[in-house]
Amino acid sequence: MAASKREKNPTLLALTSSALLLPAYQGARADAPPEYTELGLRYSVYEEDDTPGSQTFGGSSERYQIDVAQFHLLAPVADNWSLALDLQWEDMSGASPWFIGESASGEPKIIMSGASIEDTRTDVSVSTRYYFDRGSAGFNYTRSDEDDYESDAIALDGSWNSADGMTTWSAALSAASDTIEPTQGSIPTNTLKDDKDIRSAWIGVSRIVSKRSLLRFGMGYTYREGFLTDPYKLNDRRPDERREWTASAGYRRFFDAPGAALHVDYRYFDDDWGIASHTVDIAWQQGVGARTRLTPFLRYYSQDEADFFANLVDREQRYY
């Protein structure tokens with residue numbers, strides 16, 4: 001039996017997301033195709049602590065371990081075009097929580113599914129970009145396939161520079177169509193097969209404020225419609241619509257003496273389910289010699305719960 005992986009841990013997302021899919025990537029890009037072909041490989045391992053026996057019925061339980069392998073290719077094509085190919089393979093294993101029950105003492109405890117999760121996801125993303133005098137425009141198609149989930153997505157984006165080259169305006173539109181077909185095991189699922197659609201829009205501006213510093217701002221909106229419930233959690237009932245808003249800001253500053261750059265980013269998220277979150281990333285890009293860069297960083301993330309969140313089932317709630 002597989003587990004729903006649509007709402008991943010934000011730390012895992014930060015480790016494995018392709019730069020092509022992140023809004024921050026849309027700003028401050030060079031308006032010329034790459035001069036040479038780039039190749040990249042990355043391998044990541046993500047592991048969660050076991051759920052303690054004191055929090056579950058039936059003793060401690062193993063949680064997620066995810067192995068991720070990524071390949072990236074970027075190449076110039078003709079005079080004003082570039083082509084990018086991103087491949088990602090992801091293998092997941094572990095155990096899935098089924099629902100929260102109440103112990104004899106009235107304390108909430110986790111009921112685990114008792115089934116082992118074994119799932120593999122393959123993600124293929126192809127992008128092309130056209131460069132003109134004061135900007136560029138791109139198109140992306142992504143196909144994601146796993147045992148219980150299929151997704152097809154397209155995205156369009158563009159950027160335009162001011163006459164003095166100090167300001168860049170950017171925008172992006174994307175659409176995805178997903179099919180959920182839960183893997184059937186010993187525990188019943190909430191659906192046998194369902195669909196959902198996602199539409200997103202993003203706008204941003206970046207401004208060179210001095211020869212050593214850059215500021216950027218962005219705003220985004222996402223609309224989700226369809227089956228938004230987790231099919232593997234008992235009694236899980238979520239609205240079939242969700243509207244999300246984001247606002248982000250970033251600052252870059254280069255320092256001559258140490259040969260390093262400071263990166264500071266902030267992102268705020270809010271939706272009509274009552275969830276709000278804050279993310280702060282601070283990184284120090286330190287050059288070491290002519291060919292090496294060392295990047296220590298700190299990341300802070302906080303998130304509150306949905307209006308209809310509860311540890312124990314409340315039958316009077318429309319959503320849970």
# chains A, B, ... in the order shown; residues from 1 in each chain; ligands from 1

call {"tool": "select_by_dssp", "arguments": {"residues": "segment 8-180 of chain A", "states": "alpha helix (DSSP H)", "output": "count of residues only"}}
result
7

call {"tool": "closest_atom_pairs", "arguments": {"of": "segment 135-216 of chain A", "to": "segment 258-264 of chain A", "cutoff": "10 Å", "atoms": "only C-alpha atoms", "output": "Markdown table"}}
result
| residue | atom | partner | partner_atom | distance |
| --- | --- | --- | --- | --- |
| A:Arg212 | CA | A:Ala261 | CA | 9.0 |
| A:Ser213 | CA | A:Ala261 | CA | 9.2 |
| A:Leu214 | CA | A:His263 | CA | 9.8 |
| A:Leu215 | CA | A:Val264 | CA | 9.8 |

call {"tool": "write_last_selection", "arguments": {"atoms": "N, CA, C and O atoms", "output": "mmCIF file, in the first residue's frame"}}
result
data_model
loop_
_atom_site.group_PDB
_atom_site.id
_atom_site.type_symbol
_atom_site.label_atom_id
_atom_site.label_comp_id
_atom_site.auth_asym_id
_atom_site.auth_seq_id
_atom_site.Cartn_x
_atom_site.Cartn_y
_atom_site.Cartn_z
ATOM 1 N N ARG A 212 26.589 46.114 -6.269
ATOM 2 C CA ARG A 212 26.827 44.938 -5.432
ATOM 3 C C ARG A 212 25.555 44.357 -4.808
ATOM 4 O O ARG A 212 25.617 43.406 -4.044
ATOM 5 N N SER A 213 24.395 44.912 -5.101
ATOM 6 C CA SER A 213 23.187 44.428 -4.424
ATOM 7 C C SER A 213 21.976 44.406 -5.354
ATOM 8 O O SER A 213 21.885 45.184 -6.308
ATOM 9 N N LEU A 214 21.037 43.514 -5.040
ATOM 10 C CA LEU A 214 19.853 43.265 -5.842
ATOM 11 C C LEU A 214 18.669 42.995 -4.920
ATOM 12 O O LEU A 214 18.797 42.301 -3.912
ATOM 13 N N LEU A 215 17.509 43.528 -5.262
ATOM 14 C CA LEU A 215 16.260 43.260 -4.554
ATOM 15 C C LEU A 215 15.253 42.635 -5.507
ATOM 16 O O LEU A 215 15.249 42.961 -6.699
#

call {"tool": "residues_around", "arguments": {"residues": "Arg318 of chain A", "least_positions_apart": "3", "cutoff": "9 Å", "atoms": "only C-alpha atoms", "output": "count of residues only"}}
result
6

call {"tool": "select_by_dssp", "arguments": {"residues": "segment 90-253 of chain A", "states": "strand (DSSP E or B)", "output": "ChimeraX atom specification"}}
result
/A:90-102,108-132,135-146,149-161,167-180,194-210,213-226,241-253

call {"tool": "closest_residue", "arguments": {"among": "A:Pro231, A:Gly101, A:Pro52, A:Pro33", "to": "Asn311 of chain A", "atoms": "only C-alpha atoms"}}
result
A:Gly101

call {"tool": "atom_distance", "arguments": {"atom1": "atom CA of Val124 of chain A", "atom2": "atom CA of Leu87 of chain A"}}
result
4.8 Å

call {"tool": "closest_residue", "arguments": {"among": "A:Glu225, A:Glu48, A:Asp67, A:Asp304", "to": "Ala176 of chain A", "atoms": "only C-alpha atoms"}}
result
A:Glu225

call {"tool": "atom_distance", "arguments": {"atom1": "atom CA of Arg199 of chain A", "atom2": "atom CA of Ser248 of chain A"}}
result
18.9 Å

call {"tool": "residues_around", "arguments": {"residues": "Ala249 of chain A", "least_positions_apart": "6", "cutoff": "10 Å", "atoms": "only C-alpha atoms", "output": "number ranges by chain"}}
result
A: 24, 204-206, 215-219, 264-268, 280

call {"tool": "atom_distance", "arguments": {"atom1": "atom CA of Arg143 of chain A", "atom2": "atom CA of Glu90 of chain A"}}
result
13.7 Å

call {"tool": "residues_around", "arguments": {"residues": "Ser93 of chain A", "least_positions_apart": "2", "cutoff": "7 Å", "atoms": "only C-alpha atoms", "output": "list in words"}}
result
Tyr64, Gln65, Ile66, Asp91, Ile117, Glu118 and Asp119 of chain A

call {"tool": "write_last_selection", "arguments": {"atoms": "N, CA, C and O atoms", "output": "compact mmCIF listing (two decimals), in the first residue's frame"}}
result
# COMPACT_ATOMS: atom_id res chain seq x y z
N TYR A 64 9.03 7.52 6.93
CA TYR A 64 9.53 7.62 5.57
C TYR A 64 11.06 7.61 5.46
O TYR A 64 11.76 8.25 6.23
N GLN A 65 11.53 6.93 4.43
CA GLN A 65 12.88 7.13 3.90
C GLN A 65 12.74 7.28 2.39
O GLN A 65 12.12 6.46 1.73
N ILE A 66 13.30 8.36 1.86
CA ILE A 66 13.14 8.67 0.44
C ILE A 66 14.52 8.91 -0.18
O ILE A 66 15.30 9.73 0.31
N ASP A 91 12.51 7.04 -4.79
CA ASP A 91 12.09 5.76 -4.21
C ASP A 91 11.72 5.98 -2.75
O ASP A 91 12.52 6.53 -1.98
N ILE A 117 5.06 0.77 2.91
CA ILE A 117 5.02 1.65 1.74
C ILE A 117 6.21 1.35 0.86
O ILE A 117 7.35 1.40 1.29
N GLU A 118 5.95 1.02 -0.36
CA GLU A 118 7.00 0.87 -1.37
C GLU A 118 6.50 1.54 -2.64
O GLU A 118 5.53 1.09 -3.24
N ASP A 119 7.11 2.65 -3.02
CA ASP A 119 6.62 3.39 -4.17
C ASP A 119 7.78 4.06 -4.89
O ASP A 119 8.77 4.44 -4.26

call {"tool": "residues_around", "arguments": {"residues": "Lys109 of chain A", "least_positions_apart": "5", "cutoff": "10 Å", "atoms": "only C-alpha atoms", "output": "PyMOL selection string"}}
result
chain A and resi 53-57+99-103+311-312

call {"tool": "residues_around", "arguments": {"residues": "segment 297-300 of chain A", "least_positions_apart": "4", "cutoff": "8 Å", "atoms": "only C-alpha atoms", "output": "MDAnalysis selection string"}}
result
chainID A and resid 278:284

call {"tool": "write_last_selection", "arguments": {"atoms": "C-alpha atoms", "output": "PDB file, in the first residue's frame"}}
result
ATOM      1  CA  HIS A 278       6.396  31.817   6.990  1.00  0.00           C
ATOM      2  CA  THR A 279       9.711  30.754   5.435  1.00  0.00           C
ATOM      3  CA  VAL A 280      13.070  32.487   5.908  1.00  0.00           C
ATOM      4  CA  ASP A 281      16.250  31.365   4.103  1.00  0.00           C
ATOM      5  CA  ILE A 282      19.665  32.903   4.834  1.00  0.00           C
ATOM      6  CA  ALA A 283      22.734  31.692   2.913  1.00  0.00           C
ATOM      7  CA  TRP A 284      26.379  32.777   2.693  1.00  0.00           C
TER       8      TRP A 284
END

call {"tool": "closest_residue", "arguments": {"among": "A:Ala32, A:Leu228, A:Ala163, A:Met92", "to": "Val45 of chain A", "atoms": "only C-alpha atoms"}}
result
A:Met92

call {"tool": "closest_residue", "arguments": {"among": "A:Ala137, A:Ala201, A:Ala84, A:Met112", "to": "Ser159 of chain A", "atoms": "only C-alpha atoms"}}
result
A:Ala137

call {"tool": "closest_residue", "arguments": {"among": "A:Ala95, A:Ala276, A:Leu39, A:Val288", "to": "Tyr301 of chain A", "atoms": "only C-alpha atoms"}}
result
A:Ala276

call {"tool": "closest_residue", "arguments": {"among": "A:Gln303, A:Thr51, A:Asn140, A:Ser44", "to": "Leu85 of chain A", "atoms": "only C-alpha atoms"}}
result
A:Asn140
